[in-house]
$ cat my_file-v9.txt   # compact mmCIF, C-alpha atoms
# COMPACT_ATOMS: atom_id res chain seq x y z
CA MET A 1098 221.38 82.67 -246.45
CA SER A 1099 219.39 85.07 -248.54
CA MET A 1100 221.77 87.98 -248.00
CA PRO A 1101 222.42 90.01 -251.13
CA CYS A 1102 225.78 89.53 -252.75
CA LYS A 1103 227.88 92.71 -252.88
CA SER A 1104 228.72 92.13 -256.51
CA GLN A 1105 225.10 91.64 -257.44
CA ALA A 1106 224.01 94.80 -255.68
CA ASN A 1107 226.90 97.04 -256.76
CA SER A 1108 227.87 95.95 -260.28
CA GLU A 1109 226.76 94.28 -263.43
CA ILE A 1110 229.17 91.34 -263.03
CA ALA A 1111 227.42 87.98 -263.11
CA PRO A 1112 227.73 86.13 -259.80
CA GLU A 1113 229.25 83.13 -261.63
CA ALA A 1114 232.16 85.34 -262.71
CA GLU A 1115 233.17 85.88 -259.09
CA LEU A 1116 233.18 82.19 -258.17
CA PRO A 1117 236.77 81.41 -259.27
CA LYS A 1118 238.20 84.13 -257.01
CA LEU A 1119 236.14 82.93 -254.04
CA LEU A 1120 237.02 79.29 -254.71
CA ASP A 1121 240.73 80.17 -254.80
CA ARG A 1122 240.40 81.82 -251.41
CA LEU A 1123 238.43 78.83 -250.08
CA LYS A 1124 241.14 76.44 -251.26
CA GLN A 1125 243.91 78.55 -249.72
CA ASP A 1126 242.06 79.06 -246.41
CA HIS A 1127 241.21 75.38 -246.14
CA ALA A 1128 244.81 74.33 -246.86
CA GLU A 1129 246.07 76.61 -244.08
CA LEU A 1130 243.36 75.55 -241.62
CA LEU A 1131 243.90 71.86 -242.38
CA GLN A 1132 247.64 72.16 -241.78
CA VAL A 1133 247.08 73.77 -238.37
CA LEU A 1134 244.41 71.20 -237.49
CA MET A 1135 246.69 68.29 -238.36
CA ASP A 1136 249.49 69.81 -236.28
CA LEU A 1137 247.12 70.47 -233.36
CA GLU A 1138 245.71 66.94 -233.56
CA ASN A 1139 249.20 65.44 -233.64
CA GLN A 1140 250.33 67.47 -230.63
CA ALA A 1141 247.12 66.71 -228.70
CA SER A 1142 247.49 62.99 -229.42
CA GLN A 1143 251.09 63.07 -228.20
CA THR A 1144 249.93 64.85 -225.04
CA GLU A 1145 247.31 62.15 -224.44
CA ARG A 1146 250.14 59.59 -224.43
CA GLU A 1147 252.57 61.69 -222.39
CA ALA A 1148 253.68 59.82 -219.25
CA ASP A 1149 255.31 62.82 -217.56
CA LYS A 1150 252.62 65.01 -215.97
CA ASN A 1151 254.82 68.12 -216.04
CA HIS A 1152 255.47 67.75 -219.77
CA ALA A 1153 251.78 67.07 -220.34
CA MET A 1154 250.81 70.23 -218.44
CA VAL A 1155 253.27 72.38 -220.40
CA SER A 1156 251.99 70.89 -223.64
CA LEU A 1157 248.35 71.49 -222.66
CA LEU A 1158 249.06 75.13 -221.83
CA HIS A 1159 250.79 75.54 -225.19
CA LEU A 1160 247.88 73.82 -226.95
CA ARG A 1161 245.44 76.10 -225.16
CA LEU A 1162 247.12 79.23 -226.53
CA TRP A 1163 247.42 77.67 -229.98
CA THR A 1164 243.73 76.69 -229.90
CA LEU A 1165 242.64 80.20 -228.94
CA GLY A 1166 244.54 81.62 -231.92
CA PHE A 1167 243.18 78.94 -234.23
CA LYS A 1168 239.61 79.65 -233.14
CA GLU A 1169 240.06 83.30 -234.13
CA GLU A 1170 241.27 82.30 -237.60
CA LEU A 1171 238.48 79.75 -238.00
CA ASN A 1172 235.89 82.34 -236.95
CA ARG A 1173 237.24 84.81 -239.52
CA HIS A 1174 237.03 82.11 -242.20
CA SER A 1175 233.51 81.09 -241.18
CA GLU A 1176 232.32 84.70 -241.20
CA TRP A 1177 233.75 85.16 -244.70
CA GLU A 1178 231.96 82.00 -245.89
CA GLU A 1179 228.66 83.19 -244.42
CA ARG A 1180 229.05 86.75 -245.70
CA GLU A 1181 230.45 86.14 -249.21
CA LEU A 1182 230.77 82.54 -250.36
CA PHE A 1183 227.53 80.85 -249.30
CA PRO A 1184 225.20 83.65 -250.43
CA LEU A 1185 226.93 83.71 -253.81
CA LEU A 1186 226.67 79.93 -254.09
CA ASN A 1187 222.95 80.10 -253.43
CA ILE A 1188 222.54 82.85 -256.04
CA CYS A 1189 224.56 80.91 -258.59
CA CYS A 1190 222.69 77.66 -257.94
CA GLN A 1191 219.32 79.28 -258.60
CA GLY A 1192 218.20 78.53 -262.12
CA HIS A 1193 220.79 75.82 -262.67
CA ASN A 1194 220.31 72.09 -262.67
CA THR A 1195 221.82 71.78 -259.19
CA LEU A 1196 220.29 71.09 -255.86
CA SER A 1197 220.24 73.89 -253.35
CA ALA A 1198 223.34 73.85 -251.20
CA THR A 1199 221.51 75.11 -248.13
CA PRO A 1200 220.35 71.82 -246.53
CA THR A 1201 223.75 70.17 -246.83
CA LEU A 1202 225.56 73.29 -245.64
CA CYS A 1203 223.23 73.29 -242.64
CA ASP A 1204 224.24 69.70 -241.90
CA LEU A 1205 227.90 70.69 -242.11
CA GLU A 1206 227.22 73.55 -239.72
CA LYS A 1207 226.14 71.01 -237.10
CA ASP A 1208 229.55 69.30 -237.39
CA HIS A 1209 231.23 72.67 -237.04
CA GLU A 1210 229.24 73.42 -233.87
CA LEU A 1211 230.05 70.00 -232.40
CA ALA A 1212 233.76 70.55 -233.02
CA MET A 1213 233.60 74.01 -231.45
CA ASN A 1214 231.89 72.51 -228.40
CA TYR A 1215 234.76 70.03 -228.05
CA MET A 1216 237.29 72.87 -228.40
CA ASP A 1217 235.50 74.91 -225.76
CA THR A 1218 235.37 71.86 -223.49
CA PHE A 1219 239.12 71.42 -224.02
CA LEU A 1220 239.75 75.06 -223.09
CA ARG A 1221 237.63 74.78 -219.94
CA ALA A 1222 239.29 71.49 -218.96
CA VAL A 1223 242.78 72.97 -219.29
CA HIS A 1224 241.72 76.08 -217.38
CA ALA A 1225 240.46 73.86 -214.53
CA LEU A 1226 243.72 71.88 -214.23
CA LYS A 1227 246.01 72.50 -211.29
CA SER A 1228 249.75 71.94 -211.18
CA ASP A 1229 249.16 68.85 -209.04
CA SER A 1230 246.37 67.41 -211.23
CA GLU A 1231 246.37 63.70 -211.93
CA ALA A 1232 247.29 62.38 -215.36
CA MET A 1233 243.76 61.27 -216.28
CA PRO A 1234 242.19 64.77 -216.41
CA MET A 1235 245.14 65.90 -218.52
CA LYS A 1236 244.67 63.02 -220.95
CA GLN A 1237 240.93 63.71 -221.08
CA ALA A 1238 241.53 67.40 -221.81
CA ALA A 1239 243.87 66.51 -224.68
CA SER A 1240 241.34 64.02 -226.05
CA TYR A 1241 238.71 66.79 -226.34
CA LEU A 1242 241.05 68.72 -228.63
CA THR A 1243 241.89 65.57 -230.61
CA TYR A 1244 238.17 64.98 -231.25
CA ALA A 1245 237.61 68.61 -232.21
CA CYS A 1246 240.44 68.51 -234.73
CA ARG A 1247 239.24 65.27 -236.29
CA ILE A 1248 235.71 66.60 -236.66
CA LEU A 1249 236.92 69.87 -238.21
CA ILE A 1250 239.26 68.09 -240.62
CA LYS A 1251 236.35 65.97 -241.80
CA HIS A 1252 234.13 69.08 -241.90
CA LEU A 1253 236.51 71.00 -244.17
CA GLU A 1254 236.95 68.00 -246.47
CA GLN A 1255 233.20 67.46 -246.74
CA GLU A 1256 232.61 71.14 -247.38
CA GLU A 1257 234.95 70.97 -250.37
CA LYS A 1258 233.29 67.77 -251.61
CA LEU A 1259 230.00 69.66 -251.59
CA ILE A 1260 231.08 73.04 -252.93
CA TYR A 1261 233.41 72.09 -255.79
CA PRO A 1262 230.92 69.81 -257.60
CA LEU A 1263 228.20 72.46 -257.18
CA THR A 1264 230.37 75.15 -258.71
CA GLU A 1265 231.52 72.82 -261.47
CA GLN A 1266 227.89 72.16 -262.37
CA VAL A 1267 227.15 75.90 -262.36
CA SER A 1268 230.17 76.53 -264.62
CA THR A 1269 229.10 73.74 -266.98
CA ASP A 1270 225.53 75.01 -267.13
CA THR A 1271 226.69 78.60 -267.66
CA SER A 1272 229.05 77.75 -270.51
CA TYR A 1273 226.44 75.49 -272.12
CA PHE A 1274 223.84 78.25 -272.16
CA SER A 1275 226.14 81.16 -273.07
CA TYR A 1276 226.01 82.42 -276.63
CA ASP A 1277 229.42 84.09 -276.94

$ encode --input "my_file-v9.txt" --output "C-alpha cells"
Amino acid sequence: MSMPCKSQANSEIAPEAELPKLLDRLKQDHAELLQVLMDLENQASQTEREADKNHAMVSLLHLRLWTLGFKEELNRHSEWEERELFPLLNICCQGHNTLSATPTLCDLEKDHELAMNYMDTFLRAVHALKSDSEAMPMKQAASYLTYACRILIKHLEQEEKLIYPLTEQVSTDTSYFSYD
C-alpha cells in the first residue's frame, strides 16, 4: 500500500484535497454494490426455500449469471480502492493523529476473500448441477451465495465505518493546522 498517489506525483494538490471526490465515489459505489448484494441475497434465500426443483434450477442459473456480472463490478471497485483510495488514505493519515488504516484494511481484506471463496464455491456448485439433481445440492448451492452476500454486505459496511472516521479526523486535523 505504498504506491504513489497520482495527484502527489503529478501536481501540487494536497492529498487531503482529493479525499472528498474519492469519498463521493466510494459512497456511490457502495450504495450500488449493496443494492445488488441485497437483491442477490434475497433471491438466493428464496431459492434455498424453493420446493419446485425446476424453479430452483432456473433461479440458480439466473443467479449464476448475475453473480458473474456482480463479481466483475466488485473487482473493478476493489481495483479502484487499491489503486487510488487506499494509497491516498495512507498518505493522508501520515502525520495526523490517526492510526494507520493498513492493519484494519488487511483484516477487511480477509472478509472479502472469504466472501469471494463462497461465491466461487456457489458458481462451481451450480456448474456441477444436473437437470435431475436432488433438491439438497440446489439448496446448498444457494446457501453459498447467501453466505457470500451477507459477508460482503458486512464487509462494505465495516469498510465505511473505518474509512469515514479516518477521513473526518484527517479533515479536522488539516483545518486545525491550516493558517488560511

$ atom_distance --input "my_file-v9.txt" --atom1 "atom CA of Pro1262 of chain A" --atom2 "atom CA of Leu1186 of chain A"
11.5 Å

$ residues_around --input "my_file-v9.txt" --residues "Thr1164 of chain A" --least-positions-apart "3" --cutoff "9 Å" --atoms "only C-alpha atoms" --output "PDB file with C-alpha atoms, in the frame of the given file"
ATOM      1  CA  LEU A1137     247.120  70.470-233.360  1.00  0.00           C
ATOM      2  CA  HIS A1159     250.790  75.540-225.190  1.00  0.00           C
ATOM      3  CA  LEU A1160     247.880  73.820-226.950  1.00  0.00           C
ATOM      4  CA  ARG A1161     245.440  76.100-225.160  1.00  0.00           C
ATOM      5  CA  PHE A1167     243.180  78.940-234.230  1.00  0.00           C
ATOM      6  CA  LYS A1168     239.610  79.650-233.140  1.00  0.00           C
ATOM      7  CA  GLU A1169     240.060  83.300-234.130  1.00  0.00           C
ATOM      8  CA  MET A1216     237.290  72.870-228.400  1.00  0.00           C
ATOM      9  CA  LEU A1220     239.750  75.060-223.090  1.00  0.00           C
ATOM     10  CA  LEU A1242     241.050  68.720-228.630  1.00  0.00           C
TER      11      LEU A1242
END

$ atom_distance --input "my_file-v9.txt" --atom1 "atom CA of Val1133 of chain A" --atom2 "atom CA of Gln1237 of chain A"
20.9 Å

$ closest_atom_pairs --input "my_file-v9.txt" --of "segment 1145-1231 of chain A" --to "segment 1244-1253 of chain A" --cutoff "7 Å" --atoms "only C-alpha atoms" --output "CSV"
residue,atom,partner,partner_atom,distance
A:Leu1205,CA,A:His1252,CA,6.4
A:Asp1208,CA,A:His1252,CA,6.4
A:His1209,CA,A:Leu1249,CA,6.4
A:Ala1212,CA,A:Ala1245,CA,4.4
A:Met1213,CA,A:Ala1245,CA,6.8
A:Tyr1215,CA,A:Ala1245,CA,5.2
A:Met1216,CA,A:Ala1245,CA,5.7

$ residues_near_point --input "my_file-v9.txt" --point "(246.5, 65.9, -228.0)" --cutoff "10 Å" --atoms "only C-alpha atoms" --output "count of residues only"
27

$ atom_distance --input "my_file-v9.txt" --atom1 "atom CA of Asp1126 of chain A" --atom2 "atom CA of Glu1265 of chain A"
19.4 Å
